[in-house]
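Novice: Just one file: work04.cif, with mmCIF, C-alpha atoms and all ligand atoms.
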```cif
data_coords
loop_
_atom_site.label_atom_id
_atom_site.label_comp_id
_atom_site.auth_asym_id
_atom_site.auth_seq_id
_atom_site.Cartn_x
_atom_site.Cartn_y
_atom_site.Cartn_z
CA MET A 1 -3.67 73.08 6.84
CA ARG A 2 -1.17 70.50 7.95
CA THR A 3 -2.33 67.08 8.89
CA GLY A 4 -0.50 64.56 11.06
CA SER A 5 2.25 65.19 13.55
CA GLY A 6 5.04 65.54 10.99
CA GLN A 7 6.95 62.65 12.53
CA ALA A 8 8.38 59.73 10.60
CA GLY A 9 5.73 57.06 10.07
CA ASP A 10 2.81 59.41 9.41
CA PRO A 11 0.82 58.38 6.32
CA ALA A 12 1.33 60.57 3.23
CA PRO A 13 -1.46 63.10 2.70
CA ALA A 14 -4.10 62.10 0.13
CA GLY A 15 -3.07 62.86 -3.45
CA GLN A 16 0.65 62.90 -2.59
CA GLN A 17 3.01 60.12 -3.61
CA ALA A 18 4.88 58.55 -0.70
CA GLU A 19 8.66 58.70 -1.17
CA PRO A 20 10.42 55.37 -1.49
CA ALA A 21 11.95 54.30 1.83
CA ILE A 22 15.36 53.69 0.27
CA SER A 23 16.50 55.78 -2.62
CA SER A 24 19.00 54.42 -5.11
CA PRO A 25 22.59 55.58 -4.56
CA SER A 26 23.36 58.84 -6.27
CA ALA A 27 26.07 59.23 -8.87
CA THR A 28 28.15 61.09 -6.27
CA THR A 29 27.88 58.19 -3.84
CA ARG A 30 28.80 55.70 -6.54
CA LEU A 31 31.82 57.82 -7.42
CA VAL A 32 33.29 57.45 -3.94
CA ALA A 33 32.05 53.95 -3.11
CA TRP A 34 32.78 51.89 -6.25
CA HIS A 35 35.94 50.40 -4.74
CA GLY A 36 34.09 49.23 -1.63
CA ASP A 37 32.99 46.06 -3.37
CA LEU A 38 36.24 45.30 -5.15
CA ASP A 39 36.81 42.22 -3.01
CA GLY A 40 33.26 41.01 -3.60
CA TRP A 41 33.68 41.39 -7.35
CA LEU A 42 36.99 39.52 -7.37
CA ASP A 43 35.53 36.81 -5.11
CA GLY A 44 32.81 36.28 -7.70
CA LEU A 45 35.36 35.25 -10.33
CA GLY A 46 35.22 31.46 -10.08
CA TRP A 47 38.24 30.92 -12.34
CA LEU A 48 40.33 33.19 -10.10
CA ARG A 49 39.43 31.16 -7.02
CA THR A 50 40.25 27.91 -8.84
CA LEU A 51 43.60 29.22 -10.07
CA SER A 52 44.45 30.61 -6.61
CA ASP A 53 43.63 27.28 -4.93
CA TRP A 54 45.67 25.37 -7.50
CA LEU A 55 48.72 27.62 -7.12
CA THR A 56 48.43 27.43 -3.33
CA ALA A 57 48.40 23.63 -3.50
CA VAL A 58 51.52 23.65 -5.67
CA LEU A 59 53.56 26.45 -4.06
CA GLY A 60 52.50 26.05 -0.41
CA PRO A 61 54.28 22.75 0.30
CA ALA A 62 57.34 23.88 -1.69
CA ARG A 63 57.60 26.99 0.44
CA GLU A 64 57.28 25.03 3.66
CA ARG A 65 60.11 22.74 2.57
CA HIS A 66 62.40 25.76 2.04
CA GLN A 67 61.23 27.82 5.00
CA ASP A 68 64.78 28.22 6.34
CA ASN A 69 66.20 29.43 3.03
CA LEU A 70 67.76 32.85 3.62
CA VAL A 71 67.25 33.91 -0.01
CA LEU A 72 63.50 33.37 0.35
CA GLU A 73 63.51 35.41 3.54
CA LEU A 74 65.49 38.18 1.89
CA LEU A 75 62.96 38.27 -0.96
CA HIS A 76 60.34 39.17 1.67
CA GLY A 77 62.59 41.96 2.91
CA GLY A 78 63.11 40.11 6.14
CA ARG A 79 64.55 41.06 9.47
CA TRP A 80 67.62 42.71 7.89
CA VAL A 81 65.59 45.19 5.84
CA GLY A 82 62.80 45.69 8.38
CA HIS A 83 60.25 46.33 5.60
CA PRO A 84 58.78 44.28 2.77
CA LEU A 85 60.90 44.57 -0.39
CA HIS A 86 58.16 44.18 -3.00
CA PRO A 87 56.48 47.61 -2.69
CA ALA A 88 59.85 49.39 -2.94
CA LEU A 89 60.94 47.41 -6.01
CA SER A 90 57.61 47.96 -7.75
CA ASP A 91 58.45 51.67 -8.07
CA LEU A 92 61.23 50.82 -10.54
CA PRO A 93 59.25 49.43 -13.53
CA ILE A 94 56.51 52.03 -13.01
CA GLY A 95 59.05 54.88 -13.02
CA LEU A 96 61.10 53.50 -15.91
CA TRP A 97 58.07 52.84 -18.11
CA ALA A 98 56.64 56.26 -17.30
CA GLY A 99 60.01 57.62 -18.52
CA VAL A 100 59.47 55.77 -21.82
CA MET A 101 56.13 57.56 -22.22
CA VAL A 102 57.73 60.95 -21.58
CA LEU A 103 60.51 60.31 -24.12
CA ASP A 104 57.99 59.06 -26.69
CA ALA A 105 55.73 62.05 -26.11
CA THR A 106 58.59 64.54 -26.56
CA ASP A 107 60.23 62.79 -29.54
CA ARG A 108 59.40 64.82 -32.64
CA ASP A 109 61.28 62.62 -35.12
CA PRO A 110 58.70 60.44 -36.91
CA ALA A 111 61.23 58.57 -39.07
CA PRO A 112 61.41 54.83 -38.33
CA ARG A 113 64.69 53.89 -36.64
CA ARG A 114 65.91 50.39 -36.03
CA GLY A 115 67.86 49.49 -32.91
CA ILE A 116 67.51 50.59 -29.31
CA ASP A 117 67.12 54.27 -28.43
CA ALA A 118 66.93 55.94 -25.01
CA ALA A 119 63.25 55.03 -24.61
CA GLY A 120 64.10 51.44 -25.53
CA MET A 121 66.82 51.37 -22.86
CA LEU A 122 64.34 52.51 -20.21
CA SER A 123 61.82 49.97 -21.45
CA ALA A 124 64.39 47.14 -21.19
CA ALA A 125 65.55 48.27 -17.73
CA GLY A 126 61.91 48.32 -16.60
CA ILE A 127 61.41 44.78 -17.88
CA LEU A 128 64.40 43.57 -15.84
CA ALA A 129 63.15 45.41 -12.75
CA ALA A 130 59.66 43.96 -13.29
CA GLY A 131 61.15 40.45 -13.24
CA ALA A 132 62.78 41.05 -9.84
CA THR A 133 59.59 42.71 -8.56
CA ALA A 134 57.51 39.72 -9.68
CA LEU A 135 59.80 37.33 -7.78
CA THR A 136 59.38 39.25 -4.51
CA GLY A 137 55.62 39.56 -5.10
CA LEU A 138 55.22 35.85 -5.73
CA ASN A 139 57.20 35.12 -2.58
CA ASP A 140 54.95 37.42 -0.51
CA TRP A 141 51.88 35.89 -2.15
CA THR A 142 52.72 32.44 -0.77
CA VAL A 143 52.44 33.78 2.80
CA SER A 144 49.24 35.78 2.42
CA ASN A 145 45.79 34.77 3.58
CA ASP A 146 42.83 33.40 1.68
CA GLN A 147 40.94 36.37 0.21
CA ASP A 148 44.11 38.48 -0.01
CA ARG A 149 45.54 35.77 -2.24
CA ARG A 150 42.83 36.20 -4.84
CA VAL A 151 43.31 39.98 -4.95
CA GLY A 152 47.09 39.44 -5.05
CA LEU A 153 46.77 36.91 -7.84
CA PHE A 154 44.67 39.28 -9.96
CA HIS A 155 47.27 42.00 -9.27
CA GLY A 156 50.00 39.61 -10.44
CA LEU A 157 48.09 38.59 -13.57
CA LEU A 158 47.58 42.23 -14.55
CA ASN A 159 51.30 42.84 -14.06
CA THR A 160 52.08 39.82 -16.24
CA VAL A 161 49.91 41.28 -19.02
CA ALA A 162 51.66 44.64 -18.60
CA LEU A 163 55.05 42.92 -18.81
CA GLY A 164 54.00 41.10 -21.99
CA LEU A 165 52.81 44.36 -23.58
CA GLN A 166 56.05 46.10 -22.63
CA GLY A 167 58.07 43.23 -24.08
CA ALA A 168 56.10 43.48 -27.34
CA SER A 169 56.60 47.25 -27.29
CA LEU A 170 60.37 46.80 -26.93
CA GLY A 171 60.45 44.22 -29.73
CA THR A 172 58.56 46.44 -32.17
CA ARG A 173 60.66 49.44 -31.12
CA VAL A 174 63.90 47.60 -31.89
CA ALA A 175 62.41 46.50 -35.24
CA GLY A 176 61.74 50.14 -36.11
CA HIS A 177 57.91 50.20 -35.76
CA ARG A 178 57.84 53.11 -33.39
CA GLY A 179 54.16 53.96 -33.70
CA THR A 180 53.15 50.45 -32.68
CA ALA A 181 55.79 50.45 -29.93
CA ARG A 182 54.36 53.64 -28.46
CA ALA A 183 50.82 52.29 -28.49
CA LEU A 184 51.89 49.04 -26.84
CA GLY A 185 53.98 50.96 -24.28
CA ALA A 186 51.02 53.18 -23.39
CA ALA A 187 48.76 50.13 -23.02
CA SER A 188 51.39 48.48 -20.79
CA LEU A 189 51.57 51.52 -18.52
CA ALA A 190 47.76 51.69 -18.27
CA VAL A 191 47.56 48.03 -17.19
CA THR A 192 50.47 48.60 -14.77
CA ALA A 193 48.52 51.48 -13.21
CA ALA A 194 45.47 49.21 -12.71
CA ALA A 195 47.71 46.55 -11.14
CA GLY A 196 49.34 49.21 -8.94
CA TYR A 197 45.90 50.29 -7.74
CA LEU A 198 45.18 46.73 -6.62
CA GLY A 199 48.58 46.61 -4.89
CA GLY A 200 47.60 49.76 -2.99
CA HIS A 201 44.25 48.16 -2.13
CA LEU A 202 46.06 45.19 -0.62
CA VAL A 203 48.28 47.35 1.57
CA PHE A 204 46.11 50.34 2.50
CA THR A 205 42.68 48.72 2.62
CA LYS A 206 43.48 45.17 3.65
CA GLY A 207 46.70 45.76 5.59
CA VAL A 208 48.72 43.04 3.84
CA MET A 209 52.37 43.06 5.01
CA VAL A 210 51.55 45.87 7.46
CA SER A 211 52.63 45.20 11.06
CA ARG A 212 49.61 43.89 12.95
CA VAL A 213 51.00 45.14 16.25
CA ALA A 214 51.89 48.69 15.22
CA TRP A 215 49.29 50.15 17.60
CA ALA A 216 49.68 47.63 20.43
CA THR A 217 50.45 49.79 23.45
CA GLU A 218 47.82 48.83 26.06
CA PRO A 219 47.41 48.32 28.95
CA ARG A 220 48.69 51.63 30.27
CA ARG A 221 48.76 50.46 33.88
CA TRP A 222 49.70 47.20 35.58
CA THR A 223 46.78 44.93 34.81
CA ARG A 224 45.87 41.47 36.07
CA ALA A 225 46.22 38.91 33.27
CA LEU A 226 45.99 35.47 34.97
CA GLN A 227 46.22 33.90 38.37
CA GLU A 228 49.72 32.63 38.86
CA ALA A 229 48.49 29.14 39.76
CA ASP A 230 46.67 28.87 36.41
CA LEU A 231 49.80 29.20 34.28
CA PRO A 232 51.37 25.82 33.58
CA ASP A 233 55.14 25.61 33.02
CA ASP A 234 56.43 25.40 29.44
CA SER A 235 53.00 25.83 27.90
CA PRO A 236 52.07 28.89 25.79
CA THR A 237 48.94 30.41 27.28
CA ALA A 238 46.71 33.05 25.67
CA VAL A 239 45.29 35.81 27.88
CA VAL A 240 43.60 39.15 27.25
CA ALA A 241 44.47 42.26 29.24
CA GLU A 242 42.43 45.39 28.51
CA GLY A 243 41.64 44.09 25.06
CA ARG A 244 45.22 43.24 24.14
CA GLN A 245 45.92 39.62 23.25
CA ILE A 246 49.04 38.36 25.02
CA MET A 247 50.88 35.07 25.18
CA LEU A 248 52.28 34.11 28.58
CA TYR A 249 55.02 31.54 29.00
CA ARG A 250 56.87 30.35 32.08
CA HIS A 251 60.10 28.42 31.95
CA ARG A 252 62.18 27.45 35.02
CA GLY A 253 60.53 30.14 37.07
CA SER A 254 61.05 32.95 34.53
CA LEU A 255 57.98 34.60 33.11
CA TYR A 256 57.62 35.90 29.54
CA ALA A 257 54.81 37.94 27.97
CA ILE A 258 54.69 38.68 24.26
CA ASP A 259 52.00 40.02 21.94
CA ASN A 260 49.92 37.04 20.86
CA ILE A 261 49.05 38.51 17.42
CA CYS A 262 51.88 37.81 14.99
CA SER A 263 53.20 41.06 13.51
CA HIS A 264 53.29 39.50 10.02
CA ALA A 265 49.67 38.57 9.35
CA GLY A 266 47.90 38.06 12.65
CA GLY A 267 48.59 34.38 13.45
CA LEU A 268 48.03 33.41 17.10
CA LEU A 269 51.46 32.66 18.53
CA SER A 270 50.03 30.79 21.53
CA ARG A 271 48.99 28.07 19.07
CA GLY A 272 52.55 27.59 17.86
CA PRO A 273 55.35 25.52 19.35
CA VAL A 274 58.01 26.96 21.68
CA ALA A 275 61.57 25.66 21.71
CA ASP A 276 64.66 27.29 23.25
CA LEU A 277 62.54 30.24 24.34
CA THR A 278 61.58 30.92 20.71
CA VAL A 279 57.99 30.71 19.50
CA THR A 280 57.08 29.71 15.94
CA CYS A 281 53.99 31.24 14.36
CA PRO A 282 51.63 28.49 13.24
CA LEU A 283 50.53 30.38 10.10
CA HIS A 284 53.71 31.01 8.10
CA GLY A 285 56.51 29.98 10.42
CA SER A 286 58.01 33.28 11.62
CA ARG A 287 60.06 32.84 14.80
CA PHE A 288 60.32 35.31 17.67
CA GLY A 289 62.50 35.25 20.80
CA LEU A 290 60.34 35.35 23.93
CA ALA A 291 62.81 37.49 25.87
CA ASP A 292 63.19 40.36 23.39
CA GLY A 293 60.67 39.67 20.57
CA CYS A 294 63.46 39.59 17.95
CA VAL A 295 62.72 37.86 14.64
CA SER A 296 64.94 34.85 14.07
CA ARG A 297 63.10 33.70 10.92
CA GLY A 298 60.74 35.51 8.52
CA PRO A 299 58.51 36.26 6.74
CA ALA A 300 57.92 38.72 9.62
CA SER A 301 60.22 41.70 9.39
CA GLN A 302 59.17 43.47 12.58
CA PRO A 303 59.99 42.29 16.11
CA GLN A 304 57.15 41.15 18.30
CA PRO A 305 56.41 43.50 21.24
CA VAL A 306 57.22 42.04 24.65
CA LEU A 307 55.53 43.23 27.84
CA PRO A 308 56.98 43.63 31.33
CA THR A 309 55.40 41.32 33.92
CA ARG A 310 55.20 41.14 37.69
CA ILE A 311 53.42 39.00 40.26
CA ARG A 312 51.21 40.67 42.89
CA ASN A 313 48.94 38.88 45.35
CA GLY A 314 48.97 35.65 43.33
CA TRP A 315 48.18 37.39 40.03
CA ILE A 316 50.39 37.78 36.96
CA GLU A 317 50.22 41.41 35.93
CA VAL A 318 51.34 42.94 32.64
CA ARG A 319 51.81 46.45 31.37
CA GLY A 320 52.08 47.92 27.88
CA SER A 321 54.85 49.98 26.37
CA GLN A 322 53.29 53.38 27.10
CA PRO A 323 52.58 53.63 30.80
CA ALA A 324 50.04 56.23 31.83
CA PRO A 325 51.58 59.46 33.14
CA ARG A 326 51.88 59.58 36.91
CA ARG A 327 49.19 61.60 38.64
CA PRO A 328 50.58 64.55 40.57
CA ALA A 329 50.51 64.01 44.33
CA LYS A 330 47.57 65.67 46.06
CA GLY A 331 48.23 69.15 47.26
CA ARG A 332 51.17 69.69 44.95
CA THR A 333 50.86 72.38 42.32
CA GLN A 334 52.04 71.92 38.77
CA PRO A 335 54.71 74.29 37.53
S1 LIG B 401 51.05 35.32 10.54
FE1 LIG B 401 52.55 34.96 9.02
S2 LIG B 401 54.24 34.31 10.16
FE2 LIG B 401 52.79 34.76 11.64
#
```
In structure tokens, what does this structure look like?

Specialist:
Amino acid sequence: MRTGSGQAGDPAPAGQQAEPAISSPSATTRLVAWHGDLDGWLDGLGWLRTLSDWLTAVLGPARERHQDNLVLELLHGGRWVGHPLHPALSDLPIGLWAGVMVLDATDRDPAPRRGIDAAGMLSAAGILAAGATALTGLNDWTVSNDQDRRVGLFHGLLNTVALGLQGASLGTRVAGHRGTARALGAASLAVTAAAGYLGGHLVFTKGVMVSRVAWATEPRRWTRALQEADLPDDSPTAVVAEGRQIMLYRHRGSLYAIDNICSHAGGLLSRGPVADLTVTCPLHGSRFGLADGCVSRGPASQPQPVLPTRIRNGWIEVRGSQPAPRRPAKGRTQP
């Protein structure tokens, strides 16, 4: 005979053990959720935080001094490339060192040979490519945000270890110790894979160097943003229209509206200075033209969306880039 209503909260029948309210996560759950706390784990490494803060204090002011340097901007990828350069370059050492593994695995000649063979050539080319990749990565690192920096630093340290192992592998290969060279090369590729995973975490989980305005299309209809009388001349003003953050600016009677979230890493443009109808992001100094959103200085590589404006009944109205489809007039039939 059943007792109780069977609803949650009923006491367990006498002689039966009540189940714990929260069961421990199953092995299956752990298998798919282990990466969820990657940031928390890295944040718990005190030495990493200290090293990150120290490097920021050293490199930050140096970068600000050379903000207009075109080489630095090109190392980001910049407005000419339209994408960050670092992820593309990182494919080179990974591919070249994977080629070393394939050649080593298919080489059936166990005799020690001095000098550089085909695998050694790939290893050396990968080391050169890794140097260039590290430069672009370090450059991107200086314009990333707080927690992303610690993940990025750990990623860079792993890559440095991988580079050291590959260098040792090349040295022993040239000296004729091929067994040791293979082991060091395999270890280097394993560490590179771990570093690559963290690089993927930065981009795909944390959105580093991903355009922050890629989905900014609202509002779909003309929407009131601010009363015209409330917009001072020559003063960047932040407004929100249907959830989209917009910066309004009026100069000599002309009105400009541009996405307020910087495409590079989310800085608020309305907090930056405007000169010659160009706004400078207060976070890392990217510059965007107010009329067309074009980048005139990186690290941003994507233009900033601009919005059409109009004034109706004393209100400034804005509209996004994808207007809603017109409704068919009443009484008319669709083809
Ligand atoms: S957030 Fe980096 S330049 Fe704007």

Novice: Could you pull out the residues sitting within 7 Å of ligand LIG 401 (chain B), using all atoms listed in the file, and write them as an mmCIF file with C-alpha atoms, in the frame of the given file?

Specialist:
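Final file, part-v6.cif:
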```cif
data_model
loop_
_atom_site.group_PDB
_atom_site.id
_atom_site.type_symbol
_atom_site.label_atom_id
_atom_site.label_comp_id
_atom_site.auth_asym_id
_atom_site.auth_seq_id
_atom_site.Cartn_x
_atom_site.Cartn_y
_atom_site.Cartn_z
ATOM 1 C CA VAL A 143 52.440 33.780 2.800
ATOM 2 C CA CYS A 262 51.880 37.810 14.990
ATOM 3 C CA SER A 263 53.200 41.060 13.510
ATOM 4 C CA HIS A 264 53.290 39.500 10.020
ATOM 5 C CA ALA A 265 49.670 38.570 9.350
ATOM 6 C CA GLY A 266 47.900 38.060 12.650
ATOM 7 C CA GLY A 267 48.590 34.380 13.450
ATOM 8 C CA CYS A 281 53.990 31.240 14.360
ATOM 9 C CA PRO A 282 51.630 28.490 13.240
ATOM 10 C CA LEU A 283 50.530 30.380 10.100
ATOM 11 C CA HIS A 284 53.710 31.010 8.100
ATOM 12 C CA GLY A 285 56.510 29.980 10.420
ATOM 13 C CA SER A 286 58.010 33.280 11.620
ATOM 14 C CA GLY A 298 60.740 35.510 8.520
ATOM 15 C CA PRO A 299 58.510 36.260 6.740
ATOM 16 C CA ALA A 300 57.920 38.720 9.620
#
```

Novice: So which one's closest to Trp215 in chain A, A:Ser296, A:Gly156, A:Leu138, A:Gly320? Using only C-alpha atoms, please.

Specialist: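 Smallest separation from Trp215 in chain A among the options: A:Gly320.
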
Novice: Leaving out Arg150 in chain A and any residue of its chain fewer than 2 positions from it, which residues lie within 10 Å of it when counting only C-alpha atoms, given as a list in words?

Specialist: Asp39, Leu42, Asp43, Leu45, Leu48, Arg49, Thr50, Leu51, Ser52, Asp53, Trp141, Ser144, Asn145, Asp146, Gln147, Asp148, Gly152, Leu153, Phe154, His155 and Gly156 of chain A

Novice: Report as a PyMOL selection string all protein, DNA and RNA residues lying within 12 Å of Leu269 in chain A, evaluated on only C-alpha atoms, omitting residues in the same chain fewer than 4 positions from it.

Specialist: chain A and resi 235-239+245-249+257-265+273-274+278-290+293+304

Novice: Pick out the closest residue to Leu75 in chain A from this set: A:Ala132, A:Arg244, A:Arg271, A:Asp292. Count only C-alpha atoms.

Specialist: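 Between A:Ala132, A:Arg244, A:Arg271, A:Asp292, the residue approaching Leu75 in chain A most closely is A:Ala132.
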
Novice: In Å, rounded to a single decimal, give me how far CA of Trp54 in chain A is from CA of Leu163 in chain A.

Specialist: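 We find that CA of Leu163 in chain A and CA of Trp54 in chain A lie 22.9 Å from each other.
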
Novice: Can you pull out the residues contacting range 241-243 of chain A? Cut-off 10 Å, using only C-alpha atoms, and skip same-chain residues under 2 positions away; I want them as a list of chain:residue names.

Specialist: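 Counting only the stated atoms, we get A:Ala216, A:Glu218, A:Pro219, A:Arg220, A:Arg221, A:Trp222, A:Thr223, A:Arg224, A:Ala225, A:Leu226, A:Val239, A:Gln245, A:Ile246, A:Glu317, A:Val318, A:Arg319, A:Gly320.
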
Novice: Have a look at CA of Ala129 in chain A and CA of Ala88 in chain A and let me know their distance in Å, one decimal.

Specialist: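 So the answer is 11.1 Å.
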
Novice: So the first atom is CA of Pro84 in chain A and the second is CA of Leu72 in chain A; what is the distance between them in Å, to one decimal place?

Specialist: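 These two atoms are separated by 12.1 Å.
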
Novice: Choose the residue, out of A:Thr142, A:Thr192, A:Thr136, A:Ser211, that has the smallest atom-to-atom separation from Pro61 in chain A; count only C-alpha atoms.

Specialist: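 Under the stated criterion, the closest residue is A:Thr142.
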
Novice: Hey, which bits of range 167-219 of chain A sit within 9 Å of range 90-101 of chain A, and for each residue what's the closest pair of atoms and how far apart in Å (one decimal), counting only C-alpha atoms, rows by chain and increasing number, as CSV?

Specialist:
```
residue,atom,partner,partner_atom,distance
A:Arg182,CA,A:Met101,CA,7.6
A:Gly185,CA,A:Met101,CA,7.2
A:Ala186,CA,A:Met101,CA,6.8
A:Ser188,CA,A:Trp97,CA,8.4
A:Leu189,CA,A:Trp97,CA,6.6
A:Thr192,CA,A:Ile94,CA,7.2
A:Ala193,CA,A:Ile94,CA,8.0
A:Gly196,CA,A:Ser90,CA,8.4
```

Novice: Please return, as a ChimeraX atom specification, all polymer residues that have at least one atom within 6 Å of the point (58.2, 23.8, -1.7); use all atoms listed in the file and the file's own coordinate frame.

Specialist: /A:59,61-66

Novice: Which residues are close to Gly164 in chain A, i.e. within 10 Å by all atoms listed in the file, leaving aside same-chain residues fewer than 5 positions away? Reply as an MDAnalysis selection string.

Specialist: chainID A and resid 127 158:159 169:170 184 188

Novice: Taking all atoms listed in the file into account, name the residue in A:Ser270, A:Thr160, A:Thr29, A:Thr172 that is nearest to Val191 in chain A.

Specialist: A:Thr160

Novice: Go through A:Ala125, A:Ala134, A:Leu103, A:Leu277 and flag the residue nearest Gln166 in chain A, using only C-alpha atoms for the distances.

Specialist: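 Of all the options, A:Ala125 lies closest to Gln166 in chain A.
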
Novice: Because the input lacks atoms here, generate N, CA and C atoms for range 124-145 of chain A and report them as a compact mmCIF listing (two decimals), in the frame of the given file.

Specialist:
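And here is the file that came out, part.txt:
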```txt
# COMPACT_ATOMS: atom_id res chain seq x y z
N ALA A 124 63.69 48.38 -21.53
CA ALA A 124 64.39 47.14 -21.19
C ALA A 124 64.73 47.10 -19.71
N ALA A 125 65.21 48.24 -19.16
CA ALA A 125 65.55 48.27 -17.73
C ALA A 125 64.30 48.01 -16.89
N GLY A 126 63.16 48.55 -17.32
CA GLY A 126 61.91 48.32 -16.60
C GLY A 126 61.50 46.86 -16.64
N ILE A 127 61.76 46.21 -17.77
CA ILE A 127 61.41 44.78 -17.88
C ILE A 127 62.26 43.96 -16.90
N LEU A 128 63.55 44.29 -16.81
CA LEU A 128 64.40 43.57 -15.84
C LEU A 128 63.92 43.81 -14.41
N ALA A 129 63.62 45.08 -14.11
CA ALA A 129 63.15 45.41 -12.75
C ALA A 129 61.82 44.71 -12.45
N ALA A 130 60.97 44.61 -13.49
CA ALA A 130 59.66 43.96 -13.29
C ALA A 130 59.85 42.48 -12.95
N GLY A 131 60.88 41.86 -13.55
CA GLY A 131 61.15 40.45 -13.24
C GLY A 131 61.49 40.27 -11.76
N ALA A 132 62.39 41.14 -11.26
CA ALA A 132 62.78 41.05 -9.84
C ALA A 132 61.58 41.36 -8.94
N THR A 133 60.78 42.34 -9.36
CA THR A 133 59.59 42.71 -8.56
C THR A 133 58.60 41.54 -8.50
N ALA A 134 58.44 40.86 -9.63
CA ALA A 134 57.51 39.72 -9.68
C ALA A 134 57.97 38.61 -8.73
N LEU A 135 59.28 38.39 -8.67
CA LEU A 135 59.80 37.33 -7.78
C LEU A 135 59.45 37.63 -6.32
N THR A 136 59.68 38.89 -5.91
CA THR A 136 59.38 39.25 -4.51
C THR A 136 57.87 39.19 -4.26
N GLY A 137 57.08 39.59 -5.26
CA GLY A 137 55.62 39.56 -5.10
C GLY A 137 55.10 38.14 -4.96
N LEU A 138 55.65 37.25 -5.79
CA LEU A 138 55.22 35.85 -5.73
C LEU A 138 55.58 35.25 -4.37
N ASN A 139 56.76 35.62 -3.88
CA ASN A 139 57.20 35.12 -2.58
C ASN A 139 56.26 35.60 -1.46
N ASP A 140 55.89 36.88 -1.51
CA ASP A 140 54.95 37.42 -0.51
C ASP A 140 53.58 36.75 -0.65
N TRP A 141 53.21 36.48 -1.89
CA TRP A 141 51.88 35.89 -2.15
C TRP A 141 51.73 34.54 -1.43
N THR A 142 52.82 33.77 -1.38
CA THR A 142 52.72 32.44 -0.77
C THR A 142 52.46 32.51 0.74
N VAL A 143 52.69 33.68 1.35
CA VAL A 143 52.44 33.78 2.80
C VAL A 143 51.31 34.77 3.09
N SER A 144 50.40 34.92 2.14
CA SER A 144 49.24 35.78 2.42
C SER A 144 48.03 34.90 2.70
N ASN A 145 46.96 35.54 3.16
CA ASN A 145 45.79 34.77 3.58
C ASN A 145 44.75 34.70 2.46
```
